[in-house]
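Pasted below: entry17.txt, compact mmCIF, C-alpha atoms.
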# COMPACT_ATOMS: atom_id res chain seq x y z
CA MET J 1 -7.19 -0.85 -9.86
CA ASN J 2 -9.72 -3.66 -10.29
CA LEU J 3 -9.59 -3.99 -6.52
CA LEU J 4 -11.19 -0.57 -6.11
CA SER J 5 -14.15 -1.72 -8.22
CA LEU J 6 -15.06 -4.10 -5.40
CA LEU J 7 -15.74 -1.19 -3.06
CA THR J 8 -19.13 0.34 -2.44
CA VAL J 9 -18.45 3.93 -3.47
CA SER J 10 -20.78 6.93 -3.30
CA PRO J 11 -20.26 10.61 -4.16
CA GLN J 12 -19.56 11.14 -0.46
CA THR J 13 -16.76 8.53 -0.28
CA ARG J 14 -13.43 10.10 0.62
CA PHE J 15 -10.19 8.53 -0.62
CA LEU J 16 -6.74 8.97 0.93
CA ASP J 17 -3.74 8.26 -1.31
CA VAL J 18 -1.00 7.41 1.19
CA ALA J 19 2.56 8.22 0.06
CA CYS J 20 1.13 9.51 -3.20
CA GLY J 21 4.53 10.26 -4.73
CA SER J 22 4.16 12.01 -8.08
CA GLY J 23 0.39 11.64 -7.83
CA TRP J 24 -0.55 9.15 -10.53
CA LEU J 25 -3.17 7.45 -8.33
CA THR J 26 -4.55 10.75 -7.03
CA HIS J 27 -4.80 11.84 -10.66
CA PHE J 28 -6.56 8.61 -11.65
CA LEU J 29 -9.14 8.90 -8.87
CA ALA J 30 -9.70 12.59 -9.58
CA LYS J 31 -10.41 11.77 -13.24
CA LEU J 32 -13.16 9.46 -11.99
CA ASN J 33 -14.63 12.50 -10.22
CA LEU J 34 -13.94 10.98 -6.82
CA THR J 35 -13.03 12.93 -3.71
CA VAL J 36 -9.37 12.26 -2.99
CA VAL J 37 -6.50 13.66 -0.97
CA GLY J 38 -2.91 12.70 -1.65
CA ILE J 39 -0.29 12.95 1.09
CA ASP J 40 3.46 12.45 0.97
CA ILE J 41 6.39 13.24 3.24
CA ALA J 42 8.38 14.80 0.39
CA PRO J 43 7.55 18.36 -0.72
CA GLN J 44 9.20 17.61 -4.07
CA MET J 45 6.75 14.80 -4.73
CA ILE J 46 3.76 16.94 -3.83
CA GLU J 47 5.04 19.58 -6.27
CA LEU J 48 5.26 16.94 -9.01
CA ALA J 49 1.76 15.72 -8.21
CA GLN J 50 0.45 19.29 -8.30
CA GLU J 51 2.08 19.81 -11.69
CA ARG J 52 0.55 16.57 -13.00
CA LEU J 53 -2.95 17.65 -11.99
CA THR J 54 -2.50 21.21 -13.23
CA LEU J 55 -1.37 20.02 -16.67
CA ASP J 56 -4.59 18.03 -16.94
CA GLY J 57 -6.74 20.94 -15.84
CA ILE J 58 -7.52 19.51 -12.41
CA ALA J 59 -7.32 22.15 -9.70
CA THR J 60 -6.64 21.27 -6.09
CA ILE J 61 -8.93 23.14 -3.75
CA GLU J 62 -7.86 24.59 -0.42
CA LEU J 63 -10.99 24.81 1.72
CA ASP J 64 -11.86 24.50 5.39
CA THR J 65 -14.21 21.70 4.40
CA PHE J 66 -12.94 18.53 2.76
CA PRO J 67 -11.65 19.33 -0.74
CA HIS J 68 -12.61 17.45 -3.89
CA VAL J 69 -8.93 17.03 -4.68
CA GLY J 70 -6.17 17.95 -2.26
CA LEU J 71 -2.40 17.46 -2.01
CA TYR J 72 -0.54 17.89 1.26
CA VAL J 73 2.93 17.35 2.70
CA HIS J 74 2.27 15.09 5.67
CA ASP J 75 4.21 12.39 7.55
CA ILE J 76 1.55 9.77 8.28
CA GLU J 77 4.13 7.71 10.19
CA GLN J 78 4.28 10.44 12.84
CA GLN J 79 0.61 11.40 13.15
CA PRO J 80 -2.83 10.82 11.59
CA ILE J 81 -4.45 13.43 9.41
CA GLY J 82 -6.78 15.88 11.16
CA ALA J 83 -10.13 14.66 12.45
CA GLY J 84 -11.96 17.01 10.09
CA ALA J 85 -10.30 15.37 7.09
CA ARG J 86 -10.97 11.73 7.93
CA CYS J 87 -11.39 9.46 4.93
CA ASP J 88 -13.35 6.32 4.11
CA VAL J 89 -10.82 4.49 1.95
CA ALA J 90 -7.02 4.67 2.30
CA VAL J 91 -4.99 3.29 -0.59
CA LEU J 92 -1.38 2.17 -0.14
CA GLU J 93 0.02 1.27 -3.54
CA SER J 94 3.62 0.06 -3.21
CA ALA J 95 3.98 2.31 -0.17
CA LEU J 96 4.08 0.32 3.06
CA HIS J 97 7.64 -0.95 2.61
CA HIS J 98 8.96 2.63 2.66
CA PHE J 99 7.96 3.23 6.29
CA VAL J 100 10.44 2.66 9.11
CA ASN J 101 7.71 1.65 11.57
CA PRO J 102 4.89 0.00 9.58
CA ILE J 103 2.87 -0.87 12.69
CA GLN J 104 2.60 2.72 13.89
CA THR J 105 1.96 3.83 10.33
CA MET J 106 -1.00 1.45 10.04
CA ARG J 107 -2.37 2.70 13.36
CA ASN J 108 -2.15 6.30 12.20
CA ILE J 109 -3.84 5.47 8.92
CA ALA J 110 -6.62 3.70 10.83
CA ASP J 111 -7.03 6.82 13.00
CA SER J 112 -7.36 8.82 9.77
CA LEU J 113 -10.36 6.71 8.69
CA SER J 114 -14.04 6.85 9.50
CA ASP J 115 -15.33 4.07 11.77
CA ASP J 116 -16.38 1.99 8.75
CA GLY J 117 -13.21 2.84 6.85
CA VAL J 118 -11.03 0.37 4.95
CA MET J 119 -7.48 0.24 3.62
CA VAL J 120 -6.56 -1.14 0.21
CA ILE J 121 -2.97 -2.42 0.27
CA LEU J 122 -1.01 -3.49 -2.80
CA GLU J 123 2.56 -4.53 -2.01
CA ALA J 124 5.18 -6.67 -3.65
CA ALA J 125 5.62 -9.79 -1.54
CA SER J 126 8.71 -11.71 -0.51
CA ASP J 127 9.04 -15.44 0.04
CA GLN J 128 11.87 -14.98 2.51
CA GLN J 129 12.81 -12.94 5.55
CA GLY J 130 15.61 -10.98 3.94
CA ASP J 131 17.42 -10.44 0.66
CA ASP J 132 21.00 -9.29 0.13
CA TYR J 133 19.89 -7.52 -3.04
CA GLN J 134 17.32 -5.45 -1.11
CA VAL J 135 20.00 -4.51 1.44
CA GLU J 136 22.29 -3.40 -1.39
CA ILE J 137 19.54 -1.22 -2.89
CA MET J 138 18.72 0.39 0.46
CA GLN J 139 22.36 1.22 1.15
CA ARG J 140 23.02 2.56 -2.33
CA TYR J 141 19.96 4.81 -2.62
CA ASN J 142 19.33 5.66 1.03
CA THR J 143 15.77 4.37 0.86
CA LEU J 144 13.67 1.48 2.11
CA GLU J 145 13.01 -1.49 -0.18
CA ARG J 146 11.85 -4.45 1.87
CA PRO J 147 8.88 -6.44 0.58
CA TYR J 148 7.10 -8.30 3.36
CA THR J 149 6.26 -11.97 3.42
CA ARG J 150 2.56 -12.78 3.73
CA ALA J 151 3.10 -13.77 7.38
CA GLN J 152 4.92 -10.52 8.15
CA LEU J 153 2.16 -8.40 6.67
CA ILE J 154 -0.52 -10.29 8.60
CA ARG J 155 1.44 -9.79 11.80
CA ILE J 156 1.69 -6.05 11.12
CA LEU J 157 -2.09 -5.89 10.73
CA GLN J 158 -2.54 -7.79 13.99
CA LEU J 159 -0.16 -5.64 16.00
CA ALA J 160 -1.71 -2.48 14.59
CA GLY J 161 -5.02 -3.57 16.16
CA LEU J 162 -7.08 -3.54 12.96
CA GLY J 163 -10.44 -5.28 12.66
CA GLU J 164 -10.31 -7.81 9.81
CA TYR J 165 -8.70 -8.47 6.46
CA GLN J 166 -9.26 -10.32 3.20
CA PHE J 167 -6.51 -11.22 0.74
CA PHE J 168 -7.24 -11.35 -2.97
CA TYR J 169 -5.36 -13.16 -5.74
CA PRO J 170 -4.60 -11.95 -9.26
CA LEU J 171 -7.11 -14.23 -10.99
CA ASN J 172 -9.76 -14.93 -8.36
CA GLY J 173 -12.77 -16.43 -10.13
CA PHE J 174 -11.05 -16.67 -13.53
CA PHE J 175 -11.57 -20.43 -13.70
CA SER J 176 -14.75 -22.23 -12.73
CA PRO J 177 -14.27 -25.22 -10.38
CA ILE J 178 -15.18 -27.70 -13.14
CA GLU J 179 -12.85 -26.46 -15.87
CA PRO J 180 -10.17 -28.99 -16.84
CA VAL J 181 -7.23 -27.01 -15.53
CA ALA J 182 -4.31 -28.89 -14.07
CA ASP J 183 -4.27 -28.69 -10.28
CA ALA J 184 -0.69 -27.44 -10.30
CA VAL J 185 -1.55 -24.61 -12.71
CA ARG J 186 -4.66 -23.65 -10.77
CA SER J 187 -2.72 -23.61 -7.50
CA ARG J 188 0.07 -21.48 -8.98
CA ILE J 189 -2.37 -18.89 -10.35
CA LEU J 190 -4.79 -18.65 -7.45
CA ASN J 191 -2.11 -18.73 -4.78
CA ASP J 192 0.38 -16.37 -6.33
CA HIS J 193 2.15 -14.67 -3.43
CA GLY J 194 4.20 -12.42 -5.67
CA TRP J 195 1.92 -9.62 -4.48
CA ASN J 196 0.21 -8.94 -1.20
CA THR J 197 -3.18 -7.66 -2.28
CA VAL J 198 -5.42 -7.12 0.72
CA ILE J 199 -8.36 -5.03 1.89
CA VAL J 200 -8.34 -4.29 5.61
CA ALA J 201 -11.24 -2.99 7.70
CA LYS J 202 -10.66 -0.67 10.62
CA GLN J 203 -13.28 -2.59 12.60
CA ALA J 204 -14.68 -6.11 12.38
CA GLY J 205 -17.65 -6.20 10.03
CA GLY J 206 -16.33 -3.33 7.95
CA LEU J 207 -15.64 -5.45 4.87
CA ALA J 208 -19.22 -6.66 4.57
CA ARG J 209 -20.41 -3.07 4.68
CA ASN J 210 -17.88 -1.80 2.14
CA LEU J 211 -17.45 -4.54 -0.46
CA GLN J 212 -19.75 -5.57 -3.29
CA VAL J 213 -18.57 -9.17 -3.13
CA GLU J 214 -20.48 -12.24 -2.02
CA GLY J 215 -18.99 -15.22 -0.24
CA LEU J 216 -16.12 -13.42 1.46
CA CYS J 217 -14.54 -15.09 4.48
CA PRO J 218 -12.57 -12.26 6.08
CA VAL J 219 -10.15 -13.05 8.88
CA VAL J 220 -11.23 -11.25 12.05
CA ILE J 221 -8.32 -10.09 14.20
CA ARG J 222 -8.92 -11.12 17.80
CA PRO J 223 -7.23 -9.63 20.88
CA SER J 224 -5.45 -12.95 21.38
CA ASP J 225 -3.81 -12.54 17.97
CA VAL J 226 -2.17 -9.35 19.17
CA ALA J 227 -1.14 -10.74 22.53
CA ARG J 228 0.36 -13.95 21.17
CA PRO J 229 4.18 -13.81 20.88
CA SER J 230 5.22 -13.48 17.27
CA THR J 231 8.04 -15.27 15.48
CA VAL J 232 7.76 -12.88 12.56
CA ALA J 233 10.43 -10.21 12.29
CA VAL J 234 8.75 -6.82 12.01
CA THR J 235 9.65 -3.38 13.31
CA VAL J 236 8.30 -2.99 16.84
CA GLY J 237 9.01 -0.30 19.40
CA PRO J 238 11.12 2.79 18.80
CA PRO J 239 11.97 3.07 15.09
CA PRO J 240 15.61 3.12 14.02
CA ALA J 241 17.15 6.45 13.16
CA ARG J 242 15.78 7.73 9.88
CA PRO J 243 18.45 8.59 7.29
CA GLU J 244 18.60 12.30 6.49
CA PRO J 245 17.59 13.78 4.17
CA MET J 246 14.64 11.45 3.53
CA PHE J 247 13.07 11.32 0.09
CA THR J 248 14.70 14.43 -1.27
CA GLY J 249 14.49 15.04 -4.98
CA GLU J 250 17.77 13.15 -5.43
CA ILE J 251 16.48 10.11 -3.57
CA GLY J 252 12.84 10.26 -4.48
CA ILE J 253 13.25 10.78 -8.23
CA LYS J 254 16.73 9.74 -9.32
CA GLY J 255 16.74 7.06 -6.64
CA GLU J 256 13.65 5.42 -8.11
CA LEU J 257 15.25 5.48 -11.55
CA GLY J 258 18.40 3.99 -10.10
CA ILE J 259 16.44 1.18 -8.48
CA LEU J 260 14.75 0.45 -11.80
CA GLN J 261 18.09 0.44 -13.61
CA ALA J 262 19.61 -1.87 -10.99
CA THR J 263 16.66 -4.23 -11.33
CA VAL J 264 17.00 -4.33 -15.12
CA ARG J 265 20.73 -5.00 -14.84
CA ARG J 266 20.05 -7.81 -12.39
CA ILE J 267 17.53 -9.43 -14.76
CA MET J 268 19.93 -9.07 -17.69
CA ARG J 269 22.76 -10.71 -15.71
CA LYS J 270 20.53 -13.66 -14.88
CA SER J 271 19.37 -13.98 -18.50
CA ILE J 272 22.95 -13.90 -19.82
CA ALA J 273 24.01 -16.49 -17.23
CA LYS J 274 21.20 -18.81 -18.36
CA LEU J 275 22.19 -18.41 -22.02
CA LYS J 276 25.82 -19.19 -21.24
CA GLY J 277 24.75 -22.17 -19.15
Here is a file; write its structure as structure tokens.
Amino acid sequence: MNLLSLLTVSPQTRFLDVACGSGWLTHFLAKLNLTVVGIDIAPQMIELAQERLTLDGIATIELDTFPHVGLYVHDIEQQPIGAGARCDVAVLESALHHFVNPIQTMRNIADSLSDDGVMVILEAASDQQGDDYQVEIMQRYNTLERPYTRAQLIRILQLAGLGEYQFFYPLNGFFSPIEPVADAVRSRILNDHGWNTVIVAKQAGGLARNLQVEGLCPVVIRPSDVARPSTVAVTVGPPPARPEPMFTGEIGIKGELGILQATVRRIMRKSIAKLKG
């Protein structure tokens, strides 16, 4: 959440927690007394998020005006949120890879933002185009688990017609340029692509107006970037048929546990293989 500390936030700033799941981020932002709305396609997840907030004494408010804290069942892939509920900051924490059509999703999120709005995206990254393990997980748990390469994510931002973006690295600024750190170590730390951590502005110039950071060099998305043929494999055009039911309690809760268990088993198998080797 250090990334959020870079934002210029006022009491009027409105946050949108996209695919909020069980509501941990909505809860976190609400505890900071920020205005936040969490949305998710799964009613079961919204119920869990509501329970989380209620247990901590945080009441969601149903008002015609924008609520301080709100939770709603909404499919952002199909349509933006209402014009009267537009936000200033949309946060996608480990969420983008769950959408069938990420380009349309990004467009709808942009349409849910104010003109100076920004998106904060935190996504596990992939160094390759595909992974048999990810395919196995998707088939087993009827869900989407497909981390994007850096190039794929950039192409999604371009095709969605967004304004500009700036990637951040886990330890930006941790070392000064003159510290005696081996070049290889410095490169590995500052260019870690294990995560795609990026702030995206709806319009060019939006980052300078929203971030409390000096010396940024955001990449402005030009019309030619969108028109240029892409060699990156991303979902374009009509989305494939969505598996039904999508993110039911079985998939959304037990499925996540199953994915975690499968990941642990995979790590254990690799560790045992190394010990035997």
* If you count all atoms listed in the file, which residues fall within 6 Å of J:Ser112, apart from same-chain ones fewer than 6 positions away, as a list in words? ->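 Using all atoms listed in the file, the neighbours found are Pro80, Ile81 and Arg86 of chain J.
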* State, in Å with one decimal place, the distance from atom CA of J:Phe168 to atom CA of J:Leu32. => 23.4 Å
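The space separating atom CA of J:Arg155 from atom CA of J:Gln78 comes to 20.5 Å.
Atom CA of J:Leu55 to atom CA of J:His27 spans 10.7 Å [interatomic distance, one decimal].
With only C-alpha atoms as the atoms that count, the minimum distance from J:Gly70 to the choices J:Val200, J:Ala83, J:Leu153, J:Leu16 is reached by J:Leu16.
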* Counting only C-alpha atoms, which of J:Gly38, J:Gly205, J:Pro11, J:Gly161 gets nearest to J:Leu53? ->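 Checking each candidate against J:Leu53, we get J:Gly38 as the closest.
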Box in all listed atoms of stretch 165-169 of chain J, axis-aligned, with 3 Å more on each side; write out centre and edge lengths in Å to one decimal as JSON.
{"center_x": -7.3, "center_y": -10.8, "center_z": 0.4, "size_x": 9.9, "size_y": 10.7, "size_z": 18.2}
* **Which of J:His98, J:His68, J:Arg52, J:Arg107 sits closest to J:Arg14 [using only C-alpha atoms]** => J:His68
Using only C-alpha atoms, which protein or nucleic acid residues come within 7 Å of J:Arg150? Drop anything in the same chain fewer than 4 positions from it, and give the result as a compact mmCIF listing (two decimals) with C-alpha atoms, keeping the file's coordinate frame.
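Result written to selection_20.txt:
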# COMPACT_ATOMS: atom_id res chain seq x y z
CA ALA J 125 5.62 -9.79 -1.54
CA ILE J 154 -0.52 -10.29 8.60
CA ASN J 196 0.21 -8.94 -1.20
